[in-house]
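Engineer: First, the structure itself, so that you have it in front of you.
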Amino acid sequence: MPRFFKKSKRPGTSPGTLIHVGEKKAEKAKITLIDYDESQVQEKEVKKIEECFPFKDKPTVTWINIDGLHEIEIIEKLGKTFNLHPLLLEDILNTGQRPKIEDFEDHIFVVLKMLYFDEEQYEIISEQLSLIMGSNFVISFQEREGDVFNAVRERIRNGKGRIRKMGPDYLAYALMDAVVDHYFVILEKLGEEIEALEEDLITYPTTETMQGIHELKREMIVLRRSIWPLREVISGFERGESILVSDATKIYLRDVYDHTIQVIDAVESFRDMLSGMLDLYLSSISNKMNEVMKVLTIIATIFIPLTFIAGIYGMNFNSEASPLNMPELNWYYGYPAVWLIMLGIGVFMFFYFRRKQWL
Amino acid sequence: MPRFFKKSKRPGTSPGTLIHVGEKKAEKAKITLIDYDESQVQEKEVKKIEECFPFKDKPTVTWINIDGLHEIEIIEKLGKTFNLHPLLLEDILNTGQRPKIEDFEDHIFVVLKMLYFDEEQYEIISEQLSLIMGSNFVISFQEREGDVFNAVRERIRNGKGRIRKMGPDYLAYALMDAVVDHYFVILEKLGEEIEALEEDLITYPTTETMQGIHELKREMIVLRRSIWPLREVISGFERGESILVSDATKIYLRDVYDHTIQVIDAVESFRDMLSGMLDLYLSSISNKMNEVMKVLTIIATIFIPLTFIAGIYGMNFNSEASPLNMPELNWYYGYPAVWLIMLGIGVFMFFYFRRKQWL
Amino acid sequence: MPRFFKKSKRPGTSPGTLIHVGEKKAEKAKITLIDYDESQVQEKEVKKIEECFPFKDKPTVTWINIDGLHEIEIIEKLGKTFNLHPLLLEDILNTGQRPKIEDFEDHIFVVLKMLYFDEEQYEIISEQLSLIMGSNFVISFQEREGDVFNAVRERIRNGKGRIRKMGPDYLAYALMDAVVDHYFVILEKLGEEIEALEEDLITYPTTETMQGIHELKREMIVLRRSIWPLREVISGFERGESILVSDATKIYLRDVYDHTIQVIDAVESFRDMLSGMLDLYLSSISNKMNEVMKVLTIIATIFIPLTFIAGIYGMNFNSEASPLNMPELNWYYGYPAVWLIMLGIGVFMFFYFRRKQWL
Amino acid sequence: MPRFFKKSKRPGTSPGTLIHVGEKKAEKAKITLIDYDESQVQEKEVKKIEECFPFKDKPTVTWINIDGLHEIEIIEKLGKTFNLHPLLLEDILNTGQRPKIEDFEDHIFVVLKMLYFDEEQYEIISEQLSLIMGSNFVISFQEREGDVFNAVRERIRNGKGRIRKMGPDYLAYALMDAVVDHYFVILEKLGEEIEALEEDLITYPTTETMQGIHELKREMIVLRRSIWPLREVISGFERGESILVSDATKIYLRDVYDHTIQVIDAVESFRDMLSGMLDLYLSSISNKMNEVMKVLTIIATIFIPLTFIAGIYGMNFNSEASPLNMPELNWYYGYPAVWLIMLGIGVFMFFYFRRKQWL
Amino acid sequence: MPRFFKKSKRPGTSPGTLIHVGEKKAEKAKITLIDYDESQVQEKEVKKIEECFPFKDKPTVTWINIDGLHEIEIIEKLGKTFNLHPLLLEDILNTGQRPKIEDFEDHIFVVLKMLYFDEEQYEIISEQLSLIMGSNFVISFQEREGDVFNAVRERIRNGKGRIRKMGPDYLAYALMDAVVDHYFVILEKLGEEIEALEEDLITYPTTETMQGIHELKREMIVLRRSIWPLREVISGFERGESILVSDATKIYLRDVYDHTIQVIDAVESFRDMLSGMLDLYLSSISNKMNEVMKVLTIIATIFIPLTFIAGIYGMNFNSEASPLNMPELNWYYGYPAVWLIMLGIGVFMFFYFRRKQWL
């Protein structure tokens with residue numbers, strides 16, 4: 001159940017108290033810094049967060065990325081230096097947030113969910129990504145190291161495309177775009193799984209198929225919780241009135257927004273399809289039971305009367321005590337006649353079931 | 001599953017990177033150009049996209065239609081000449097878009113879904129149609145050659161109706177109208193299929209019927225995803241404030257809007273009907289099982305007691321050892337009496353089932 | 001399926017092309033004209049539509065009613081004389097429209113659905129009624145002659161009530177009111193049918209009951225499609241800003257609006273009730289099956305062990321070959337003892353089933 | 001079905017025609033008049049409605065209550081004297097109205113539904129209450145005499161609380177409050193019934209339980225139709241801009257509004273609970289069937305093979321004709337061996353079912 | 001059912017009449033007073049409510065907490081002294097309120113639901129918390145003593161965090177935050193229960209599992225009723241225009257709002273999961289029944305024909321009366337042949353079931 005919600009610190013503690021809520025997913029927090037403008041790029045991994053602070057007042061775009069949330073003092077120091085609201089810091093540490101956007105005038109705070117597919121557990125893992133975007137910096141917090149942002153880093157290094165020419169709002173967009181783009185990878189995985197299950201359903205449905213449908217439905221619940229609020233986040237970013245977001249970037253945000261809608265669309269379609277598959281599964285169980293019943297009924301209705309007849313002539317009524325007692329046993333054609341009667345009943349039953357379309 | 005969503009290029013690549021996403025559906029891109037005003041029409045198939053550029057500055061209405069999206073340089077050149085936003089170009093190539101409308105001041109960009117019914121695969125195929133409408137041109141992009149626009153071409157050639165007298169907004173309307181009109185053909189196909197399935201349901205429901213309902217439900221999911229957003233697209237076109245759309249054309253757009261609503265209405269009705277059919281199917285399975293059970297129960301409850309009686313008189317208790325041992329076997333009317341008892345039980349059972357309305 | 005949607009002319013034809021879509025329901029179009037003001041009424045059936053045109057410029061209220069849509073030239077001539085938009089004329093002829101209202105400044109165009117109950121086919125038939133209301137005229141188009149408007153005609157002739165004192169907006173209201181009032185007749189029919197089905201459900205549910213529920217659900221789908229949009233039509237009429245509708249009439253329109261809501265309410269309640277009945281039906285099938293199963297199980301579990309015992313003593317082990325071989329057969333109380341054992345098993349089973357509440 | 005909707009007069013009759021629609025629930029209309037201000041109260045039962053008219057122009061608050069709607073002339077005379085719109089009068093008489101509010105500037109018209117629980121028929125009875133509130137009068141119309149307003153009358157007589165100090169708007173509020181308060185009595189009844197059904201479900205579900213759930217669901221449909229629109233009525237009263245409603249009264253209206261929401265909430269919760277109970281019922285039927293099946297299967301699978309073995313040794317192969325023919329019958333330990341084999345099979349089966357957790 | 005709604009006093013009584021509705025949950029009302037500003041804290045338990053009144057006009061923040069609602073005179077006196085509306089007082093006493101917020105200009109009234117988990121009854125208990133916030137005081141009413149506010153009291157005593165520096169709006173926020181934080185404890189409990197049930201479902205589903213799902217679904221209904229309206233309450237607090245709420249506090253309110261959304265989200269996810277589990281349960285019952293049926297059918301279809309054959313050769317036809325009568329009995333290989341035939345049938349059946357994938 002921990003995947004479904006996380007307690008937000010201890011009830012009753014003072015708001016703004018910094019406590020890391022969630023599993024400790026990384027050994028040590030890793031801090032990387034990229035500072036760039038159109039003409040130059042500087043990239044380094046820093047040991048102490050204080051090394052980043054000189055960049056705060058430089059006009060260049062500074063991107064500080066922190067992987068691992070358990071070292072609270074890093075976040076505290078950042079908060080003091082960049083003048084961040086205590087509740088914002090609390091939200092970064094509390095990894096049970098919903099995706100949301102908050103505008104603190106001189107910086108914008110965004111919470112997103114990064115989704116990974118855990119091949120071993122065969123389930124979707126949701127991780128929190130917090131972004132703070134100011135007039136000349138972007139700070140990103142991840143629960144553990146991931147490779148989703150590598151392509152963005154590469155684009156900054158190469159200086160290809162627009163990224164080096166534009167401000168931190170474009171960088172924030174690029175990071176969000178990378179996250180949303182990654183959702184499509186998840187969707188593809190799920191799509192394949194659904195397809196495989198559907199094939200199973202049609203060829204040979206088992207209890208595992210049902211279990212599979214059920215698990216996918218649960219995954220959908222996780223997905224929806226992560227993705228639905230994203231729509232409002234991005235539209236809040238795009239339509240917000242913050243001066244931190246330029247008009248040029250807004251066109252790009254519209255694009256991420258479209259992608260988000262596409263993802264939501266796909267998730268809803270998957271849900272519909274899974275419901276359809278459930279119906280199909282249940283009806284296929286019913287059908288199977290029906291078939292089993294038919295076999296039983298055919299065998300039983302044919303042989304029960306026949307066995308009864310055999311039983312009749314197995315009775316030991318004394319034919320010497322009375323001429324009425326089972327004279328058939330002494331008839332010349334008694335035995336063949338019984339066989340004929342039995343055959344007759346069998347043939348009649350056969351055609352009866354034919355007519356009922358059971359055979 | 002590829003029908004349900006398409007990955008939007010590689011995650012993390014720079015936005016505006018032009019990569020064709022989707023199957024290559026045509027061998028070579030085919031470019032046709034129609035240039036007309038009230039007095040004249042010029043129509044030609046061009047080999048190189050550059051041949052179209054001179055028409056850009058002519059006051060006449062120019063319609064450039066491109067079938068096949070895999071030749072990226074064509075789209076790139078068009079983008080440069082007509083000054084189109086890189087994200088717009090990316091959207092044209094990425095065929096997993098939802099229908100949408102975007103207003104770039106000097107041109108309007110519309111994405112629609114064209115639906116075909118593949119008679120062989122017996123499924124609905126969705127293709128992307130992108131439209132760019134400027135002050136004196138319309139550019140349309142299709143994934144492969146289709147015949148949906150032939151009627152529009154014919155109307156331009158003949159000069160009948162309003163089309164030659166009005167601007168590119170009317171042409172864009174005419175193209176959208178042709179697409180929406182084509183949806184009705186699909187609806188009719190689906191309607192017929194539903195009707196056939198319903199007849200099957202009532203006369204003789206099989207597993208195939210269920211499969212058929214399931215498949216149609218899936219088709220509905222595809223349809224809804226293509227058609228629902230269309231409503232907003234067309235209403236955005238009609239109610240938008242763009243100076244590119246004249247008031248005269250808006251009345252016509254209202255008409256396409258009405259048609260879209262009709263299509264949505266029909267799709268929703270189909271969905272409701274399919275749900276109803278599913279219920280009917282499941283209850284018909286239950287009914288059948290019930291009937292099978294009844295036959296089994298009737299046969300078993302009649303013959304099991306009779307067989308028991310026959311079994312009794314097939315016991316070998318030695319009547320010589322004790323006068324209490326099966327004296328019935330030596331009675332004068334023993335055998336007929338047993339027959340009478342059995343008949344009695346049979347008749348009683350018959351009336352019992354009658355009263356229970358099983359017969 | 002034709003009841004569910006109708007193709008809107010041939011895809012790709014020029015908008016405003018007048019083609020009658022739908023069955024030809026009347027032999028010849030019938031044109032009736034009523035012209036009245038407070039002091040006088042003039043009523044006649046005209047052969048040629050041209051006879052109506054002189055009334056166009058008279059200050060009196062003129063009501064032209066046309067039954068039958070297949071004579072396109074009538075509609076064309078009307079369109080020219082009264083200056084109607086070609087799309088409006090197309091909508092009149094295309095009987096697959098949804099109810100809608102369109103305001104063309106100097107006239108208002110309304111499409112409604114008239115519902116009849118076909119006693120023979122036992123289904124609801126939906127017919128299109130188009131109304132055009134100008135400053136001094138109302139033109140109504142029906143697919144075939146009906147008697148819904150007779151009461152309105154009578155009120156005009158008698159001069160009772162408000163109708164003769166008020167303008168064409170009140171006449172249009174009166175016609176819409178007659179249509180909506182007629183819906184209640186349909187609702188009553190459906191209500192009776194539902195009640196009958198419900199009684200069947202409780203007393204003796206059969207496959208026909210299920211079929212009946214299914215058919216009523218389908219009727220509901222038709223009804224909803226006709227009635228839901230009506231709400232917006234009438235509220236559009238009432239709240240619209242057209243100068244053609246007087247404030248005095250708006251109070252009356254509010255009344256029709258209330259009736260429409262009542263109809264929608266009833267349809268939704270019927271839907272809910274039908275769903276409930278479906279549940280009841282399915283559970284009653286399950287219950288029946290359960291009962292069948294119980295009878296089978298009781299008979300089988302009582303007699304199978306008894307038959308086994310009888311079978312035991314029907315074995316032919318040679319008691320002369322060994323004293324261990326079936327000595328019971330030679331016991332003095334053997335046979336009565338077996339009977340007692342069997343009776344004991346029977347009585348035990350009876351109380352066992354009693355305790356399980358199967359009997 | 002009459003509980004679900006009532007035809008609104010004959011279709012096509014002139015609007016404002018006064019016809020009483022509904023059952024005649026009272027023998028004779030009963031008119032009571034209460035006239036009060038802060039200092040005095042006057043209360044009388046009047047025979048003729050004309051006796052009330054002198055109070056119309058007195059500054060005191062006059063409450064005219066009419067029980068019984070079938071004497072149309074009373075309503076007509078009231079309409080003339082108090083200058084009421086004909087459609088309003090029609091709505092009073094037509095008892096199939098939805099709850100609604102209409103503002104006629106100098107008076108406000110409110111339609112509510114009073115709910116009674118008929119202990120004999122064991123169903124909810126819905127009755128129409130119409131209220132007209134003017135600047136110095138309130139007129140209330142009920143279908144028959146009820147005791148819901150007695151407490152309000154008592155409060156006027158006693159002069160306790162606010163009622164005598166405030167205007168007709170507070171009186172109208174007090175009446176509405178009494179109606180809504182009475183809903184809680186109904187809810188309690190339903191709540192008890194649901195609780196009783198739920199207990200049945202868990203201890204011993206029968207077909208009657210299902211029937212009970214179904215009937216309660218139907219009651220819920222009636223309830224919802226009466227209560228949902230009430231929300232808008234009261235919020236219309238509170239938020240309306242009529243000068244007839246004072247700010248002091250509005251605070252009290254907010255309170256009734258809260259109660260209405262509470263009632264709606266409870267109805268929705270009841271609906272959810274009934275759905276849950278339906279699921280529980282269906283699964284308990286399935287469980288029971290499963291149990292029945294298990295008993296049958298256990299008995300059958302144990303005894304059928306045993307009976308078969310007994311059948312084998314009941315065969316009459318002639319052991320004198322060949323030494324291969326049933327030599328077992330002559331073995332010394334033949335019979336005990338057969339018993340041992342049978343016991344072995346029985347024990348094996350027992351443990352097999354144990355392992356399958358059927359026992 | 002008392003958990004689902006409570007009657008709001010006796011119908012018809014005057015509004016503002018103070019009657020305690022609900023169980024008497026505490027023996028004696030307990031009144032605690034905390035008075036603080038940045039420099040000092042004063043805390044005492046008072047015997048008589050009058051002891052609190054002197055603090056009313058002090059500029060310090062005064063928090064009066066009352067546990068136990070049955071001593072009406074306390075509430076009456078408070079109402080007079082703090083000038084509270086009679087309806088507000090009625091709402092405090094009537095514990096069946098929905099969460100709501102009401103703005104009385106000089107004070108804000110908030111009703112919340114506190115949720116406890118009763119470990120013994122194993123159900124969620126909902127208690128009403130009423131808050132009145134004025135310019136320098138907060139009064140809170142609880143049904144009985146609880147420990148949810150202890151952490152807040154501790155923070156006031158310690159003077160840590162912001163609470164001592166800010167006004168009564170922050171105190172009100174802190175109390176609401178404590179309530180909402182406590183919801184997460186409930187959610188965790190439910191989450192664990194759901195997880196346990198899910199495990200049961202997969203390993204060994206019983207009727208208790210179903211009962212458990214049903215009970216959790218009911219708990220969800222209670223939860224939803226308490227939590228959904230909370231959203232609007234807190235957003236009303238945050239977005240309201242009251243001068244009593246400072247901007248600094250609004251940021252904190254936004255945070256509680258986020259938590260409320262998280263709680264709602266979790267509840268909705270739980271509901272979805274429970275629905276999924278219900279489906280899984282029903283399908284697992286079906287599967288089990290299917291398996292039971294298969295065992296029965298396999299045993300019956302194998303042994304019924306064999307028993308029939310044995311029955312045949314148990315017939316007593318007199319082979320001396322005719323050479324046609326059962327000559328097999330005297331054949332040399334008769335008995336072994338019958339065994340072979342039986343074995344053959346058994347083997348054939350085995351492979352038949354294999355092919356049908358029943359084994």
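By convention in this document, the chains of the structure tokens carry letters A, B, ... by their order, each chain's residues are numbered from 1, and ligands are numbered from 1 in the order they are shown.
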Do you know which residues are at most 12 Å from Gly236 of chain D counting only C-alpha atoms, after dropping those on the same chain fewer than 3 positions away, and could you put them as a ChimeraX atom specification?
Structural biologist: /D:99-103,108-110,229-233,239-242,245,250,253-254,257
Engineer: Export C-alpha atoms of the chosen residues as a PDB file, in the first residue's frame?
Structural biologist:
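Saved to again01.pdb:
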```pdb
ATOM      1  CA  PRO D  99     -39.780  21.527  -7.089  1.00  0.00           C
ATOM      2  CA  LYS D 100     -39.111  24.973  -8.525  1.00  0.00           C
ATOM      3  CA  ILE D 101     -39.056  28.654  -7.738  1.00  0.00           C
ATOM      4  CA  GLU D 102     -40.371  31.473  -9.886  1.00  0.00           C
ATOM      5  CA  ASP D 103     -40.061  35.156  -9.183  1.00  0.00           C
ATOM      6  CA  ILE D 108     -42.581  34.568  -5.354  1.00  0.00           C
ATOM      7  CA  PHE D 109     -43.956  31.153  -6.293  1.00  0.00           C
ATOM      8  CA  VAL D 110     -42.411  28.002  -4.838  1.00  0.00           C
ATOM      9  CA  PRO D 229     -34.225  20.163  -7.454  1.00  0.00           C
ATOM     10  CA  LEU D 230     -35.005  21.448  -3.960  1.00  0.00           C
ATOM     11  CA  ARG D 231     -31.397  22.464  -3.591  1.00  0.00           C
ATOM     12  CA  GLU D 232     -31.681  24.906  -6.429  1.00  0.00           C
ATOM     13  CA  VAL D 233     -35.049  26.135  -5.214  1.00  0.00           C
ATOM     14  CA  ARG D 239     -29.431  34.168  -3.518  1.00  0.00           C
ATOM     15  CA  GLY D 240     -32.287  35.679  -5.507  1.00  0.00           C
ATOM     16  CA  GLU D 241     -32.455  39.409  -5.718  1.00  0.00           C
ATOM     17  CA  SER D 242     -36.077  39.757  -4.719  1.00  0.00           C
ATOM     18  CA  VAL D 245     -36.723  38.412   1.101  1.00  0.00           C
ATOM     19  CA  LYS D 250     -31.532  34.805   4.253  1.00  0.00           C
ATOM     20  CA  LEU D 253     -32.526  30.091   4.413  1.00  0.00           C
ATOM     21  CA  ARG D 254     -28.856  29.198   4.381  1.00  0.00           C
ATOM     22  CA  TYR D 257     -30.072  24.910   2.424  1.00  0.00           C
TER      23      TYR D 257
END
```
Engineer: Residues of chain A no more than 8 Å from chain B, counting only C-alpha atoms: send them over as a PyMOL selection string.
Structural biologist: chain A and resi 148-152+155+161+174+177-178+181-182+184-185+188+191-192+195+252+255+258+262+265-266+269+272-273+276-277+280+283-284+286-287+290+293-294+297+300-301+304-305+307-308+311-312+314-319+321-326
Engineer: Write out as a list in words which residues come within 9 Å of Ile124 of chain C when counting only C-alpha atoms, dropping same-chain ones fewer than 4 positions away.
Structural biologist: Leu115, Tyr116, Phe117, Asp118, Glu119, Ile186, Glu219, Val222 and Leu223 of chain C
Engineer: Can you tell me which residues surround Lys165 of chain D at a distance of at most 10 Å, considering only C-alpha atoms, apart from same-chain residues fewer than 6 positions away, and format the answer as a PyMOL selection string?
Structural biologist: chain D and resi 36-39+156+159
Engineer: Generate a file of the selected residues that holds N, CA, C and O atoms, formatted as a PDB file, in the first residue's frame.
Structural biologist:
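Okay, this is what ended up in again_37.pdb:
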```pdb
ATOM      1  N   TYR D  36     -51.540  37.703  11.574  1.00  0.00           N
ATOM      2  CA  TYR D  36     -50.831  38.085  12.795  1.00  0.00           C
ATOM      3  C   TYR D  36     -49.852  39.214  12.544  1.00  0.00           C
ATOM      4  O   TYR D  36     -49.406  39.462  11.425  1.00  0.00           O
ATOM      5  N   ASP D  37     -49.574  39.938  13.634  1.00  0.00           N
ATOM      6  CA  ASP D  37     -48.383  40.784  13.675  1.00  0.00           C
ATOM      7  C   ASP D  37     -47.808  40.608  15.075  1.00  0.00           C
ATOM      8  O   ASP D  37     -48.195  39.683  15.780  1.00  0.00           O
ATOM      9  N   GLU D  38     -46.889  41.451  15.435  1.00  0.00           N
ATOM     10  CA  GLU D  38     -46.203  41.215  16.703  1.00  0.00           C
ATOM     11  C   GLU D  38     -47.163  41.220  17.888  1.00  0.00           C
ATOM     12  O   GLU D  38     -46.966  40.510  18.871  1.00  0.00           O
ATOM     13  N   SER D  39     -48.219  42.028  17.756  1.00  0.00           N
ATOM     14  CA  SER D  39     -49.080  42.203  18.932  1.00  0.00           C
ATOM     15  C   SER D  39     -50.281  41.253  18.978  1.00  0.00           C
ATOM     16  O   SER D  39     -50.777  40.934  20.049  1.00  0.00           O
ATOM     17  N   ILE D 156     -46.704  30.401  15.990  1.00  0.00           N
ATOM     18  CA  ILE D 156     -47.373  31.694  15.749  1.00  0.00           C
ATOM     19  C   ILE D 156     -48.300  32.018  16.913  1.00  0.00           C
ATOM     20  O   ILE D 156     -48.294  33.134  17.437  1.00  0.00           O
ATOM     21  N   GLY D 159     -46.388  32.955  20.014  1.00  0.00           N
ATOM     22  CA  GLY D 159     -45.591  34.172  19.913  1.00  0.00           C
ATOM     23  C   GLY D 159     -44.164  33.994  20.389  1.00  0.00           C
ATOM     24  O   GLY D 159     -43.405  34.936  20.536  1.00  0.00           O
TER      25      GLY D 159
END
```
Engineer: Env of Ile31 of chain C: 9 Å cut, atoms = only C-alpha atoms, seq-sep filter 4 positions within chain, self excluded. Answer as an mmCIF file with C-alpha atoms, in the first residue's frame.
Structural biologist:
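Result file part-v5.cif:
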```cif
data_model
loop_
_atom_site.group_PDB
_atom_site.id
_atom_site.type_symbol
_atom_site.label_atom_id
_atom_site.label_comp_id
_atom_site.auth_asym_id
_atom_site.auth_seq_id
_atom_site.Cartn_x
_atom_site.Cartn_y
_atom_site.Cartn_z
ATOM 1 C CA LYS C 44 -57.198 27.242 -46.398
ATOM 2 C CA GLU C 45 -55.422 24.323 -47.942
ATOM 3 C CA VAL C 46 -53.343 25.559 -50.871
ATOM 4 C CA LYS C 47 -52.262 23.584 -53.909
ATOM 5 C CA LYS C 48 -49.302 25.693 -54.900
ATOM 6 C CA ILE C 49 -46.902 27.276 -52.485
ATOM 7 C CA ILE C 64 -47.826 27.931 -43.193
ATOM 8 C CA ASN C 65 -47.708 24.238 -42.390
ATOM 9 C CA ILE C 66 -46.127 21.785 -44.830
ATOM 10 C CA ASP C 67 -46.600 18.024 -44.373
ATOM 11 C CA GLY C 68 -44.141 16.015 -46.491
#
```
Engineer: Return as a ChimeraX atom specification the full set of residues in segment 124-291 of chain E whose backbone-based DSSP assignment is strand (DSSP E).
Structural biologist: /E:124-133,137-142
Engineer: Going by DSSP on the backbone, which residues of segment 133-333 of chain C come out as alpha helix (DSSP H)? List them as JSON, numbers by chain.
Structural biologist: {"C": [150, 151, 152, 153, 154, 155, 156, 157, 158, 168, 169, 170, 171, 172, 173, 174, 175, 176, 177, 178, 179, 180, 181, 182, 183, 184, 185, 186, 187, 188, 189, 190, 191, 192, 193, 194, 195, 196, 197, 198, 199, 200, 201, 202, 203, 207, 208, 209, 210, 211, 212, 213, 214, 215, 216, 217, 218, 219, 220, 221, 222, 223, 224, 225, 226, 227, 228, 229, 230, 231, 232, 233, 234, 235, 236, 237, 238, 239, 247, 248, 249, 250, 251, 252, 253, 254, 255, 256, 257, 258, 259, 260, 261, 262, 263, 264, 265, 266, 267, 268, 269, 270, 271, 272, 273, 274, 275, 276, 277, 278, 279, 280, 281, 282, 283, 284, 285, 286, 287, 288, 289, 290, 291, 292, 293, 294, 295, 296, 297, 298, 299, 300, 301, 302, 303, 304, 305, 306, 307, 308, 309, 310, 311, 312]}
Engineer: Would you work out the distance separating atom CA of Met220 of chain B from atom CA of Met220 of chain C, expressed in Å to one decimal?
Structural biologist: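 Calculated distance between atom CA of Met220 of chain B and atom CA of Met220 of chain C is 20.2 Å.
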Engineer: In Å, how far is it from atom CA of Leu18 of chain C to atom CA of Glu90 of chain C?
Structural biologist: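 Computing the Euclidean distance for atom CA of Leu18 of chain C and atom CA of Glu90 of chain C yields 5.3 Å.
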Engineer: Pick out the residues sitting within 12 Å of Gln42 of chain E, and hand them over as a list of chain:residue names; count only C-alpha atoms, and ignore anything fewer than 5 positions along from it in its own chain.
Structural biologist: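 Neighbouring residues, sequence-local ones excluded: E:Thr32, E:Leu33, E:Ile34, E:Asp35, E:Tyr36, E:Asp37, E:Cys52, E:Phe55, E:Thr60, E:Val61, E:Thr62, E:Trp63, E:Ile64, E:Arg153, E:Ile156, E:Arg157.
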Engineer: Could the residues in this selection be written to a file with C-alpha atoms, as a tab-separated table (two decimals), in the first residue's frame?
Structural biologist:
```tsv
chain	number	residue	atom	x	y	z
E	32	THR	CA	-9.67	24.52	28.83
E	33	LEU	CA	-8.34	27.98	28.14
E	34	ILE	CA	-5.03	28.96	26.60
E	35	ASP	CA	-4.19	32.63	26.29
E	36	TYR	CA	-0.95	33.65	24.61
E	37	ASP	CA	0.98	36.21	22.71
E	52	CYS	CA	-13.19	32.83	30.22
E	55	PHE	CA	-10.15	37.36	28.12
E	60	THR	CA	-3.84	38.40	23.26
E	61	VAL	CA	-4.99	35.30	21.36
E	62	THR	CA	-7.45	33.30	23.47
E	63	TRP	CA	-8.25	29.68	22.69
E	64	ILE	CA	-11.20	28.21	24.51
E	153	ARG	CA	-0.83	22.80	22.65
E	156	ILE	CA	2.10	26.96	21.94
E	157	ARG	CA	3.74	26.12	25.26
```
Engineer: Find the residues near Gly167 of chain E: any atom within 8 Å, counting only C-alpha atoms, skip ones fewer than 4 places away on the same chain, and give them as JSON, numbers by chain.
Structural biologist: {"E": [61, 136, 163, 171]}
Engineer: Could you please take those selected residues and save N, CA and C atoms as an mmCIF file, in the first residue's frame?
Structural biologist:
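Once written, part.cif looks like this:
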```
data_model
loop_
_atom_site.group_PDB
_atom_site.id
_atom_site.type_symbol
_atom_site.label_atom_id
_atom_site.label_comp_id
_atom_site.auth_asym_id
_atom_site.auth_seq_id
_atom_site.Cartn_x
_atom_site.Cartn_y
_atom_site.Cartn_z
ATOM 1 N N VAL E 61 -4.194 36.340 21.998
ATOM 2 C CA VAL E 61 -4.993 35.296 21.362
ATOM 3 C C VAL E 61 -5.521 34.359 22.443
ATOM 4 N N ASN E 136 -9.595 38.044 17.931
ATOM 5 C CA ASN E 136 -8.558 37.717 18.918
ATOM 6 C C ASN E 136 -8.886 36.446 19.721
ATOM 7 N N ILE E 163 3.776 29.714 15.674
ATOM 8 C CA ILE E 163 2.419 29.824 16.200
ATOM 9 C C ILE E 163 2.230 30.972 17.191
ATOM 10 N N LEU E 171 -3.822 29.981 14.462
ATOM 11 C CA LEU E 171 -4.227 28.940 15.414
ATOM 12 C C LEU E 171 -5.331 28.064 14.789
#
```
